[in-house]
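Source file: final-v5.txt (compact mmCIF, C-alpha atoms)
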# COMPACT_ATOMS: atom_id res chain seq x y z
CA MET A 156 0.99 -125.55 2.35
CA ASP A 157 -1.59 -127.80 0.81
CA ILE A 158 -1.82 -129.02 -2.75
CA ASP A 159 -4.38 -126.38 -3.73
CA ASP A 160 -1.91 -123.63 -2.87
CA ILE A 161 0.80 -125.32 -4.89
CA LEU A 162 -1.51 -125.64 -7.87
CA ALA A 163 -2.68 -122.05 -7.52
CA GLU A 164 0.88 -120.84 -7.38
CA ALA A 165 1.86 -122.81 -10.46
CA LEU A 166 -1.03 -121.22 -12.34
CA HIS A 167 -0.09 -117.72 -11.32
CA VAL A 168 2.90 -117.91 -13.61
CA SER A 169 1.16 -116.01 -16.35
CA ALA A 170 0.51 -117.95 -19.50
CA PRO A 171 1.37 -116.42 -22.91
CA GLN A 172 -1.46 -114.90 -24.97
CA GLU A 173 -1.37 -117.87 -27.39
CA THR A 174 -2.14 -120.28 -24.57
CA LEU A 175 -4.87 -118.06 -23.13
CA ASP A 176 -6.43 -117.81 -26.58
CA LEU A 177 -6.45 -121.59 -26.96
CA GLN A 178 -8.19 -121.87 -23.59
CA GLU A 179 -10.74 -119.24 -24.55
CA LEU A 180 -11.41 -120.74 -27.98
CA THR A 181 -11.82 -124.20 -26.48
CA ARG A 182 -14.30 -122.87 -23.94
CA ALA A 183 -16.19 -120.97 -26.65
CA TRP A 184 -16.34 -124.09 -28.83
CA VAL A 185 -17.74 -126.29 -26.06
CA ALA A 186 -20.25 -123.59 -25.12
CA GLU A 187 -21.43 -123.19 -28.71
CA ARG A 188 -21.68 -126.97 -29.16
CA VAL A 189 -23.95 -127.42 -26.13
CA ALA A 190 -25.84 -124.13 -25.68
CA PRO A 191 -29.39 -124.08 -27.10
CA GLU A 192 -28.93 -120.49 -28.31
CA LEU A 193 -26.35 -118.74 -30.44
CA LEU A 194 -23.74 -117.00 -28.28
CA PRO A 195 -21.91 -113.71 -28.97
CA TYR A 196 -19.19 -113.97 -31.61
CA PRO A 197 -15.72 -113.48 -30.06
CA ASP A 198 -14.43 -111.01 -32.67
CA ALA A 199 -11.03 -110.13 -31.25
CA LEU A 200 -10.23 -113.72 -30.28
CA MET A 201 -11.15 -115.09 -33.71
CA GLU A 202 -9.12 -112.41 -35.46
CA ARG A 203 -6.02 -113.33 -33.43
CA VAL A 204 -6.49 -117.06 -33.88
CA LEU A 205 -7.23 -116.91 -37.62
CA GLY A 206 -4.22 -114.61 -38.16
CA ARG A 207 -1.94 -117.06 -36.36
CA ILE A 208 -3.35 -119.98 -38.35
CA ARG A 209 -2.65 -118.10 -41.60
CA ARG A 210 0.93 -117.38 -40.56
CA GLN A 211 1.48 -120.96 -39.42
CA ILE A 212 0.27 -122.27 -42.78
CA GLU A 213 2.80 -119.96 -44.48
CA THR A 214 5.56 -121.31 -42.25
CA VAL A 215 4.61 -124.86 -43.20
CA GLU A 216 4.56 -123.99 -46.89
CA GLU A 217 7.99 -122.36 -46.70
CA GLN A 218 9.55 -125.32 -44.91
CA THR A 219 7.94 -128.17 -46.79
CA GLY A 220 10.48 -129.73 -49.08
CA ASN A 221 13.25 -129.36 -46.54
CA MET A 222 14.71 -132.85 -46.42
CA ASP A 223 16.50 -132.54 -43.11
CA PRO A 224 14.82 -135.19 -40.90
CA LYS A 225 14.99 -132.92 -37.84
CA THR A 226 13.09 -130.10 -39.56
CA ASN A 227 10.80 -132.70 -40.98
CA PHE A 228 9.71 -133.93 -37.56
CA LYS A 229 9.19 -130.38 -36.33
CA LEU A 230 6.91 -129.83 -39.31
CA ILE A 231 4.92 -132.93 -38.42
CA VAL A 232 4.34 -131.54 -34.93
CA ILE A 233 3.40 -128.11 -36.28
CA GLN A 234 1.03 -129.58 -38.84
CA THR A 235 -0.60 -131.91 -36.31
CA GLU A 236 -1.33 -128.94 -34.09
CA LEU A 237 -2.50 -126.89 -37.06
CA GLU A 238 -5.05 -129.58 -37.90
CA ARG A 239 -6.31 -129.55 -34.31
CA PHE A 240 -6.79 -125.78 -34.46
CA LYS A 241 -8.52 -125.96 -37.81
CA PHE A 242 -10.89 -128.58 -36.42
CA LEU A 243 -11.64 -126.38 -33.42
CA VAL A 244 -12.37 -123.31 -35.55
CA ARG A 245 -14.45 -125.22 -38.12
CA SER A 246 -16.50 -127.08 -35.57
CA PHE A 247 -17.09 -123.82 -33.70
CA LEU A 248 -18.29 -122.01 -36.84
CA ARG A 249 -20.40 -124.96 -38.00
CA ALA A 250 -22.09 -125.16 -34.61
CA ARG A 251 -22.93 -121.45 -34.90
CA VAL A 252 -24.20 -121.56 -38.45
CA ALA A 253 -26.31 -124.64 -37.65
CA LYS A 254 -28.24 -122.54 -35.16
CA ASN A 255 -29.33 -120.36 -38.03
CA SER A 256 -30.15 -117.39 -35.90
CA ALA A 257 -29.86 -113.71 -36.75
CA GLU A 258 -28.60 -112.40 -33.44
CA TYR A 259 -24.83 -112.35 -32.76
CA LEU A 260 -23.82 -113.49 -36.25
CA SER A 261 -20.53 -112.18 -37.60
CA LEU A 262 -20.67 -110.41 -40.97
CA SER A 263 -19.42 -113.37 -42.98
CA GLU A 264 -21.70 -115.78 -41.14
CA SER A 265 -24.68 -113.59 -41.87
CA LYS A 266 -23.73 -113.26 -45.57
CA TYR A 267 -23.32 -117.03 -45.81
CA LEU A 268 -26.66 -117.78 -44.20
CA THR A 269 -28.54 -115.21 -46.28
CA ALA A 270 -27.09 -116.60 -49.50
CA HIS A 271 -27.80 -120.16 -48.39
CA GLN A 272 -31.41 -119.42 -47.46
CA ASN A 273 -32.01 -117.58 -50.75
CA LEU A 274 -30.65 -120.52 -52.74
CA LEU A 275 -32.75 -122.95 -50.76
CA ALA A 276 -35.91 -120.86 -51.07
CA SER A 277 -35.57 -120.41 -54.83
CA HIS A 278 -34.78 -124.09 -55.27
CA TYR A 279 -37.90 -125.13 -53.33
CA GLN A 280 -39.92 -122.55 -55.23
CA SER A 281 -38.87 -123.73 -58.66
CA SER A 282 -38.90 -127.46 -57.95
CA PHE A 283 -42.24 -127.87 -56.19
CA LEU A 284 -43.64 -124.96 -54.19
CA SER A 285 -44.85 -123.12 -57.30
CA GLN A 286 -47.22 -126.02 -58.03
CA PHE A 287 -48.92 -125.66 -54.64
CA PRO A 288 -51.91 -123.44 -53.88
CA ASN A 289 -50.85 -119.95 -52.82
CA SER A 290 -51.75 -120.48 -49.17
CA LEU A 291 -49.37 -123.45 -48.91
CA GLN A 292 -46.33 -121.83 -50.44
CA LYS A 293 -44.94 -120.10 -47.38
CA LEU A 294 -41.78 -121.36 -45.70
CA ASP A 295 -42.27 -119.32 -42.54
CA ASP A 296 -45.90 -120.11 -41.74
CA THR A 297 -46.85 -119.82 -38.09
CA GLN A 298 -50.58 -120.42 -38.55
CA GLY A 299 -52.42 -123.51 -37.44
CA GLY A 300 -50.76 -123.90 -34.08
CA ILE A 301 -47.56 -125.26 -35.58
CA SER A 302 -44.77 -122.84 -36.35
CA MET A 303 -42.47 -123.57 -39.29
CA ILE A 304 -39.87 -121.42 -37.61
CA ASP A 305 -37.57 -123.37 -35.31
CA ALA A 306 -36.65 -121.41 -32.23
CA PRO A 307 -34.26 -122.41 -29.48
CA ASP A 308 -35.83 -123.36 -26.17
CA PRO A 309 -34.09 -121.24 -23.53
CA ASP A 310 -35.17 -123.66 -20.81
CA THR A 311 -33.27 -126.62 -22.28
CA ALA A 312 -31.21 -128.45 -19.66
CA VAL A 313 -27.46 -127.82 -19.97
CA PHE A 314 -24.45 -129.16 -18.08
CA CYS A 315 -22.29 -126.47 -16.57
CA ARG A 316 -19.38 -125.84 -14.21
CA ALA A 317 -18.93 -122.84 -11.93
CA LEU A 318 -15.61 -121.11 -12.59
CA ARG A 319 -16.02 -118.84 -9.58
CA ASP A 320 -18.11 -119.00 -6.43
CA VAL A 321 -21.26 -117.55 -7.96
CA GLY A 322 -23.47 -117.67 -4.89
CA GLU A 323 -27.18 -118.36 -5.17
CA ILE A 324 -28.80 -118.95 -8.53
CA ASN A 325 -32.56 -118.52 -8.80
CA VAL A 326 -34.37 -120.67 -11.31
CA VAL A 327 -36.83 -118.10 -12.60
CA GLY A 328 -40.46 -119.05 -12.43
CA THR A 329 -39.99 -122.01 -10.10
CA GLY A 330 -39.12 -120.36 -6.82
CA ARG A 331 -36.14 -122.70 -6.64
CA ALA A 332 -32.59 -121.67 -5.89
CA PHE A 333 -29.25 -123.37 -5.39
CA VAL A 334 -25.72 -122.31 -4.56
CA MET A 335 -22.80 -122.99 -6.90
CA LYS A 336 -19.20 -122.94 -5.74
CA ARG A 337 -16.15 -122.98 -7.99
CA GLY A 338 -15.77 -126.43 -9.51
CA ASP A 339 -19.40 -127.50 -9.00
CA VAL A 340 -20.92 -129.27 -12.00
CA ARG A 341 -24.68 -129.17 -12.42
CA VAL A 342 -27.48 -129.86 -14.87
CA VAL A 343 -29.76 -126.87 -14.98
CA ARG A 344 -31.96 -125.01 -17.42
CA TRP A 345 -30.01 -122.68 -19.70
CA SER A 346 -32.12 -119.62 -18.90
CA ALA A 347 -31.14 -119.79 -15.22
CA ILE A 348 -27.40 -119.49 -15.85
CA LYS A 349 -27.15 -117.76 -19.25
CA GLU A 350 -26.12 -114.41 -17.77
CA LYS A 351 -23.41 -116.02 -15.65
CA VAL A 352 -22.09 -117.89 -18.68
CA LEU A 353 -21.91 -114.70 -20.74
CA ALA A 354 -20.11 -113.02 -17.82
CA GLY A 355 -17.55 -115.85 -17.71
CA ASP A 356 -18.43 -117.01 -14.19
CA ILE A 357 -19.91 -120.33 -15.32
CA GLU A 358 -18.83 -122.46 -18.27
CA LEU A 359 -20.76 -125.09 -20.19
CA VAL A 360 -19.40 -128.63 -20.32
CA MET B 714 -26.09 -127.55 -43.65
CA ALA B 715 -27.47 -128.58 -40.31
CA LEU B 716 -24.82 -129.84 -37.95
CA PRO B 717 -25.34 -133.59 -38.18
CA LEU B 718 -24.40 -134.13 -34.57
CA PRO B 719 -26.54 -134.82 -31.53
CA ALA B 720 -26.82 -132.16 -28.85
CA GLY B 721 -23.86 -132.21 -26.48
CA LEU B 722 -20.28 -133.25 -27.06
CA THR B 723 -19.69 -136.59 -28.78
CA PRO B 724 -17.17 -139.08 -27.32
CA PRO B 725 -14.52 -138.21 -29.97
CA GLU B 726 -14.96 -134.53 -29.10
CA ILE B 727 -14.51 -135.30 -25.40
CA ALA B 728 -11.36 -137.26 -26.26
CA PHE B 729 -10.18 -134.28 -28.35
CA LEU B 730 -10.57 -132.08 -25.26
CA CYS B 731 -8.76 -134.65 -23.12
CA GLU B 732 -5.81 -134.55 -25.54
CA MET B 733 -5.19 -130.96 -24.43
CA GLU B 734 -4.42 -132.15 -20.86
CA LEU B 735 -0.81 -131.72 -19.84
CA VAL B 736 1.14 -134.91 -19.14
CA THR B 737 4.74 -135.43 -18.11
CA VAL B 738 7.13 -137.03 -20.58
CA ILE B 739 10.72 -138.25 -20.31
CA PRO B 740 12.24 -137.45 -23.70
CA ARG B 741 14.61 -139.93 -25.35
CA GLN B 742 15.69 -137.40 -27.99
CA ARG B 743 16.42 -133.73 -28.04
CA LEU B 744 13.85 -131.43 -29.53
CA GLU B 745 14.10 -127.68 -29.37
CA GLY B 746 11.13 -125.59 -28.30
CA LEU B 747 8.56 -125.12 -31.05
CA ASP B 748 6.39 -122.07 -31.62
CA LEU B 749 3.00 -123.69 -31.77
CA LEU B 750 -0.33 -121.91 -32.15
CA GLY B 751 -1.14 -122.68 -28.52
CA GLY B 752 2.18 -121.31 -27.24
CA ARG B 753 5.82 -122.35 -27.22
CA THR B 754 6.66 -125.92 -26.16
CA PRO B 755 9.46 -126.46 -23.64
CA PRO B 756 12.75 -127.73 -25.14
CA LEU B 757 13.15 -131.48 -24.69
CA ILE B 758 16.50 -132.57 -23.29
CA PRO B 759 16.88 -136.21 -22.20
CA PRO B 760 16.41 -137.26 -19.47
CA GLN B 761 14.79 -134.09 -18.10
CA ARG B 762 11.07 -134.37 -17.56
CA ALA B 763 8.82 -131.93 -19.40
CA ASN B 764 5.09 -131.24 -19.42
CA LEU B 765 3.43 -131.40 -22.82
CA PRO B 766 -0.15 -131.62 -24.06
CA LEU B 767 -1.29 -135.22 -24.40
CA TRP B 768 -1.62 -135.11 -28.21
CA LEU B 769 2.04 -134.15 -28.54
CA ALA B 770 3.14 -136.67 -25.92
CA LEU B 771 1.29 -139.38 -27.89
CA LEU B 772 2.99 -138.32 -31.12
CA LEU B 773 6.42 -138.51 -29.44
CA LYS B 774 5.53 -141.82 -27.83
CA ARG B 775 4.40 -143.37 -31.11
CA GLN B 776 7.73 -142.45 -32.68
CA ARG B 777 9.63 -143.72 -29.63
CA ARG B 778 11.01 -140.27 -28.98
CA ALA B 779 9.69 -140.12 -25.39
CA ASN B 780 8.13 -142.10 -22.57
CA ILE B 781 5.04 -140.91 -20.78
CA LEU B 782 4.97 -140.79 -17.00
CA PRO B 783 1.49 -141.88 -15.84
CA PRO B 784 -0.02 -139.36 -13.39
CA PRO B 785 0.13 -140.28 -9.68
CA TRP B 786 -3.62 -140.98 -9.42
CA LEU B 787 -3.24 -143.65 -12.10
CA HIS B 788 -0.99 -145.80 -9.91
CA PRO B 789 -2.66 -148.98 -8.61
CA SER B 790 -2.27 -147.99 -4.95
CA ALA B 791 -3.85 -144.58 -5.57
CA LEU B 792 -6.69 -146.09 -7.61
CA LEU B 793 -7.32 -148.62 -4.86
CA THR B 794 -7.60 -145.86 -2.25
CA ILE B 795 -9.97 -143.88 -4.46
CA LEU B 796 -12.01 -147.02 -5.13
CA GLU B 797 -12.42 -147.59 -1.40
CA LEU B 798 -13.59 -144.02 -0.96
CA GLU B 799 -16.05 -144.46 -3.83
CA HIS B 800 -17.45 -147.61 -2.21
CA ALA B 801 -17.92 -145.67 1.01
CA GLY B 802 -19.58 -142.87 -0.96
CA GLN B 803 -16.96 -140.35 0.15
CA SER B 804 -14.86 -139.83 -2.93
CA ALA B 805 -13.26 -136.45 -3.29
CA PRO B 806 -14.62 -134.56 -6.29
CA PRO B 807 -12.00 -133.30 -8.74
CA ARG B 808 -10.49 -130.20 -7.27
CA LEU B 809 -10.20 -126.86 -8.97
CA PRO B 810 -7.51 -124.61 -7.56
CA PRO B 811 -8.70 -121.16 -6.43
CA ALA B 812 -9.29 -118.79 -9.33
CA PRO B 813 -6.56 -116.18 -9.60
CA PRO B 814 -8.30 -112.81 -9.20
CA GLY B 815 -8.98 -110.77 -12.29
CA SER B 816 -7.86 -113.25 -14.91
CA LEU B 817 -9.79 -115.84 -16.87
CA PRO B 818 -10.34 -118.74 -14.45
CA ILE B 819 -8.66 -121.86 -15.71
CA SER B 820 -10.48 -125.19 -15.81
CA PRO B 821 -10.12 -128.67 -17.36
CA PRO B 822 -8.53 -129.64 -19.71
CA PHE B 823 -5.95 -126.93 -18.95
CA LEU B 824 -5.34 -127.66 -15.28
CA PRO B 825 -2.14 -129.59 -14.61
CA SER B 826 -4.16 -132.43 -13.05
CA SER B 827 -2.50 -135.26 -14.97
CA THR B 828 1.18 -134.34 -14.77
CA ALA B 829 3.65 -136.13 -12.54
CA ALA B 830 3.02 -133.44 -9.90
CA ALA B 831 -0.77 -133.90 -9.84
CA PRO B 832 -2.51 -134.95 -6.60
CA ARG B 833 -2.90 -138.70 -6.11
CA ASP B 834 -6.05 -138.80 -4.04
CA ALA B 835 -8.67 -137.47 -6.45
CA LEU B 836 -9.67 -138.27 -10.01
CA PRO B 837 -9.45 -135.32 -12.41
CA TYR B 838 -12.26 -134.41 -14.80
CA HIS B 839 -10.85 -136.38 -17.76
CA TRP B 840 -9.73 -139.40 -15.68
CA LEU B 841 -11.51 -142.05 -17.72
CA GLU B 842 -10.49 -140.81 -21.16
CA LEU B 843 -6.94 -140.06 -20.11
CA GLY B 844 -6.51 -143.43 -18.40
CA GLU B 845 -7.83 -145.32 -21.39
CA ILE B 846 -5.76 -143.36 -23.90
CA LEU B 847 -2.56 -143.93 -21.89
CA LEU B 848 -3.28 -147.63 -21.37
CA GLU B 849 -3.84 -147.97 -25.10
CA ALA B 850 -0.88 -145.96 -26.39
CA ALA B 851 1.68 -146.26 -23.61
CA SER B 852 0.92 -149.46 -21.68
CA ASP B 853 4.66 -150.22 -21.52
CA ASP B 854 5.11 -147.07 -19.42
CA PHE B 855 2.95 -148.62 -16.65
CA GLU B 856 4.38 -150.99 -14.08
CA ASP B 857 1.18 -153.01 -13.95
CA PRO B 858 -1.08 -152.06 -16.87
CA ASP B 859 -3.48 -154.96 -16.30
CA GLY B 860 -3.92 -154.05 -12.65
CA VAL B 861 -4.61 -150.43 -13.61
CA ARG B 862 -7.08 -151.55 -16.27
CA ARG B 863 -8.94 -153.71 -13.74
CA LEU B 864 -9.12 -150.93 -11.16
CA MET B 865 -10.29 -148.43 -13.78
CA ARG B 866 -13.10 -150.82 -14.72
CA ASP B 867 -14.11 -151.26 -11.08
CA LEU B 868 -14.07 -147.51 -10.52
CA ARG B 869 -16.16 -146.92 -13.59
CA GLU B 870 -18.78 -149.39 -12.40
CA VAL B 871 -19.00 -147.96 -8.89
CA ARG B 872 -19.34 -144.45 -10.27
CA MET B 873 -21.92 -145.44 -12.87
CA ALA B 874 -23.94 -147.06 -10.09
CA SER B 875 -23.80 -143.90 -8.03
CA MET B 876 -24.94 -141.86 -11.03
CA ARG B 877 -27.88 -144.24 -11.51
CA LYS B 878 -28.75 -143.87 -7.84
CA GLY B 879 -28.93 -140.13 -8.37
CA VAL B 880 -31.69 -140.59 -10.94
CA GLY B 881 -34.23 -140.60 -8.13
CA MET B 882 -33.19 -137.07 -7.28
CA PHE B 883 -33.87 -135.63 -10.73
CA ASP B 884 -35.69 -132.41 -10.48
CA ALA B 885 -36.90 -130.41 -13.45
CA GLN B 886 -36.76 -127.13 -11.57
CA GLY B 887 -33.63 -127.04 -9.46
CA GLY B 888 -31.57 -129.22 -11.79
CA PHE B 889 -29.25 -132.00 -10.74
CA ASN B 890 -25.86 -131.88 -9.09
CA MET B 891 -23.19 -133.68 -11.12
CA THR B 892 -20.13 -132.50 -9.21
CA GLY B 893 -17.49 -135.19 -9.19
CA PHE B 894 -18.41 -136.86 -12.48
CA GLY B 895 -15.87 -136.78 -15.28
CA GLY B 896 -16.05 -135.59 -18.89
CA MET B 897 -16.87 -138.93 -20.49
CA GLU B 898 -19.34 -139.76 -17.70
CA VAL B 899 -21.14 -136.46 -18.23
CA GLY B 900 -21.11 -137.18 -21.97
CA GLU B 901 -22.66 -140.61 -21.47
CA GLY B 902 -25.28 -139.37 -19.06
CA ARG B 903 -26.12 -136.25 -21.02
CA ALA B 904 -28.75 -137.58 -23.40
CA PHE B 905 -30.62 -139.44 -20.66
CA ILE B 906 -30.35 -136.91 -17.84
CA GLY B 907 -30.93 -133.90 -20.08
CA GLY B 908 -33.84 -135.67 -21.76
CA VAL B 909 -35.52 -136.63 -18.50
CA ILE B 910 -35.11 -133.15 -17.02
CA ASP B 911 -36.44 -131.49 -20.20
CA GLY B 912 -39.32 -133.97 -20.27
CA LEU B 913 -40.21 -133.36 -16.63
CA ARG B 914 -40.05 -129.63 -17.24
CA LYS B 915 -42.41 -129.81 -20.20
CA ILE B 916 -44.87 -131.89 -18.18
CA GLY B 917 -44.67 -129.35 -15.38
CA ALA B 918 -44.65 -126.34 -17.72
CA ALA B 919 -48.39 -125.79 -17.71
CA ARG B 920 -48.45 -125.60 -13.94
CA GLU B 921 -45.37 -123.39 -13.88
CA ARG B 922 -46.88 -120.96 -16.38
CA SER B 923 -50.25 -120.74 -14.69
CA GLY B 924 -48.38 -119.61 -11.56
CA ASP B 925 -45.96 -116.72 -11.79
CA GLY B 926 -44.24 -118.06 -14.89
CA ASP B 927 -45.39 -115.40 -17.36
CA GLN B 928 -44.24 -112.59 -15.14
CA ASP B 929 -40.83 -114.13 -14.77
CA ASP B 930 -40.36 -114.79 -18.46
CA GLN B 931 -40.62 -111.07 -18.99
CA ASP B 932 -38.35 -110.24 -16.11
CA ASN B 933 -35.74 -112.50 -17.55
CA GLY B 934 -36.03 -111.11 -21.05
CA PHE B 935 -36.70 -114.54 -22.57
CA PRO B 936 -40.12 -114.87 -24.14
CA SER B 937 -40.74 -118.61 -24.07
CA THR B 938 -41.53 -120.33 -27.32
CA ALA B 939 -44.42 -122.18 -25.73
CA ASP B 940 -46.09 -118.82 -25.18
CA ASP B 941 -45.60 -117.87 -28.82
CA TYR B 942 -47.43 -120.99 -29.88
CA ASP B 943 -50.31 -120.11 -27.58
CA ASP B 944 -50.58 -116.67 -29.18
CA ASP B 945 -50.74 -118.21 -32.63
CA GLU B 946 -53.57 -120.46 -31.60
CA MET B 947 -55.53 -117.51 -30.34
CA ASP B 948 -55.09 -115.74 -33.68
CA MET B 949 -57.02 -118.47 -35.44

structure tokens encoding of this file:
Amino acid sequence: MDIDDILAEALHVSAPQETLDLQELTRAWVAERVAPELLPYPDALMERVLGRIRRQIETVEEQTGNMDPKTNFKLIVIQTELERFKFLVRSFLRARVAKNSAEYLSLSESKYLTAHQNLLASHYQSSFLSQFPNSLQKLDDTQGGISMIDAPDPDTAVFCRALRDVGEINVVGTGRAFVMKRGDVRVVRWSAIKEKVLAGDIELV
Amino acid sequence: MALPLPAGLTPPEIAFLCEMELVTVIPRQRLEGLDLLGGRTPPLIPPQRANLPLWLALLLKRQRRANILPPPWLHPSALLTILELEHAGQSAPPRLPPAPPGSLPISPPFLPSSTAAAPRDALPYHWLELGEILLEAASDDFEDPDGVRRLMRDLREVRMASMRKGVGMFDAQGGFNMTGFGGMEVGEGRAFIGGVIDGLRKIGAARERSGDGDQDDQDNGFPSTADDYDDDEMDM
């Protein structure tokens, strides 16, 4: 029996849903931080995680003020972990909102962005744009060979790891192909592996 | 509102990931299992070993409630063997156990690659961060912290050199194989490697597009932004 078998066996002991959710959220956070495009919003996962965070905050509030040093230390551990989760969720949402894209936004993200853009547009309008000639007042001008609209470049190089043996990957438009086995880490253009990332066969690192 | 961070994970973010790695502790005090957001922790009963995420192990260590058992690959003899393999260009890349069928495949930082039961002949993905964090926070749990520090530095240099050697093999089309490099190493190389590959691609883009590029963009469902700009210019 070699070490791989031992490791595999240890992992077959099924992890509780909480642990699986942490793994999934962590993976989603890294992916959102490094992918050039906005990725699908993990509705069910976020609902579970946010619900648990809410309940954990209630637990902390109920137990704060308990002077027993033993309970006190437990609370420190719980709060330390709570802060780590809050960081993970916030950084994940901030990375999404920073991409400012319409596709895949959750309802609250889309409301937030619409409100933010409206505020920004009316502020620009009242503070200086209204003084400009009409033809220069647009914020979404694509004329003149330079677009004012930022769009993600789907061919941006990303770093990724194969989670399964995914076989041959064709880099579209180049005639190039390479094979990725589980555990392989590679720099490659996002467009070549996007589908495999969405399917959960490759993760971004 | 823009995220004021560069593309890719920052070093503190990579360290944050590394703090989720499981390590083995020897508790000095009892602590019952806690229902944390990431699952229930094992009860701590001295002197029984227990595996905990690094952030929790560090918290216990700081309060002198536990000692941390450095992983086997962080012992001087193991590091020396790995260093020799690196010099010979035959180091074993970090291993991922086979994916259990059907379930979400597990990967760093959630593999038990830094517990007392981890293999001793290969560096795990977060080797550099984990080693440095443990040497900083728990150097008294090492038999020879200075020796470990020295070997870590040597390893880092050999591996950096081999990454630099790989620069000649950059390729805008097929990408670049980084198997074997760790989290912090990927983080350090990201801006340069990603930048060079993107730059090479943009230089080669005209040629790519004049070939079968347009066809493939449609096949793939990704209209490229470069094409959009071209359309705008034609409108003028």

| message | Excluding Asp320 in chain A and its own-chain neighbours fewer than 2 positions away, which residues fall within 10 Å of it when counting all atoms listed in the file? Please give them as a VMD selection string. | response | (chain A and resid 317 to 318 322 to 323 334 to 339 356 to 357) or (chain B and resid 811 to 812)

| message | Just checking: using only C-alpha atoms, which residue out of B:Leu787, B:Ile739, B:Ile906, B:Leu841 ends up closest to Phe314 in chain A? | response | B:Ile906

| For Asp859 in chain B: contacts at 10 Å, all atoms listed in the file, fewer than 6 positions along chain excluded, given as a count of residues only | 4

| request: Kindly indicate which residue among A:Tyr259, A:Tyr196, A:Phe247, A:Phe283 lies nearest to chain B, using only C-alpha atoms for the distances. | output: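 Ranking A:Tyr259, A:Tyr196, A:Phe247, A:Phe283 by distance to chain B, first place goes to A:Phe247.
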
| request: Taking only C-alpha atoms into account, report as an MDAnalysis selection string which residues of chain A lie within 6 Å of chain B. | output: chainID A and resid 159 163 173:174 177 189 253 300 312 328 331 338:343

Please dump the current selection as a compact mmCIF listing (two decimals), in the coordinates of the input; keep C-alpha atoms.
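Written file, part-v8.txt:
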# COMPACT_ATOMS: atom_id res chain seq x y z
CA ASP A 159 -4.38 -126.38 -3.73
CA ALA A 163 -2.68 -122.05 -7.52
CA GLU A 173 -1.37 -117.87 -27.39
CA THR A 174 -2.14 -120.28 -24.57
CA LEU A 177 -6.45 -121.59 -26.96
CA VAL A 189 -23.95 -127.42 -26.13
CA ALA A 253 -26.31 -124.64 -37.65
CA GLY A 300 -50.76 -123.90 -34.08
CA ALA A 312 -31.21 -128.45 -19.66
CA GLY A 328 -40.46 -119.05 -12.43
CA ARG A 331 -36.14 -122.70 -6.64
CA GLY A 338 -15.77 -126.43 -9.51
CA ASP A 339 -19.40 -127.50 -9.00
CA VAL A 340 -20.92 -129.27 -12.00
CA ARG A 341 -24.68 -129.17 -12.42
CA VAL A 342 -27.48 -129.86 -14.87
CA VAL A 343 -29.76 -126.87 -14.98

Taking all atoms of range 169-186 of chain A that the file lists and extending 5 Å past them on each side, where is the centre of the axis-aligned box and how long are its edges? Answer in Å to one decimal, as AutoDock Vina command-line options.
--center_x -9.4 --center_y -120.6 --center_z -22.6 --size_x 31.6 --size_y 21.4 --size_z 22.5

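Atom to atom, CA of Gly860 in chain B and CA of Glu842 in chain B stand 17.1 Å apart.
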
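Atom to atom, CA of His788 in chain B and CA of Glu849 in chain B stand 15.6 Å apart.
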
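Pairwise distance (CA of Trp786 in chain B, CA of Asp867 in chain B) equals 14.8 Å.
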
| said: Can you pull out the residues contacting range 211-224 of chain A? Cut-off 8 Å, using only C-alpha atoms, and skip same-chain residues under 5 positions away; I want them as a ChimeraX atom specification. | reply: /A:230,233-234,237 /B:750

Output C-alpha atoms for every residue in the selection just made, as a PDB file, in the coordinates of the input.
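Written file, again.pdb:
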ATOM      1  CA  LEU A 230       6.910-129.830 -39.310  1.00  0.00           C
ATOM      2  CA  ILE A 233       3.400-128.110 -36.280  1.00  0.00           C
ATOM      3  CA  GLN A 234       1.030-129.580 -38.840  1.00  0.00           C
ATOM      4  CA  LEU A 237      -2.500-126.890 -37.060  1.00  0.00           C
TER       5      LEU A 237
ATOM      6  CA  LEU B 750      -0.330-121.910 -32.150  1.00  0.00           C
TER       7      LEU B 750
END

| remark: Residue with the minimum atom-to-atom distance to Gln776 in chain B, picked from B:Ala801, B:Ala850, B:Leu735, B:Ile758 with only C-alpha atoms counted, is B:Ala850
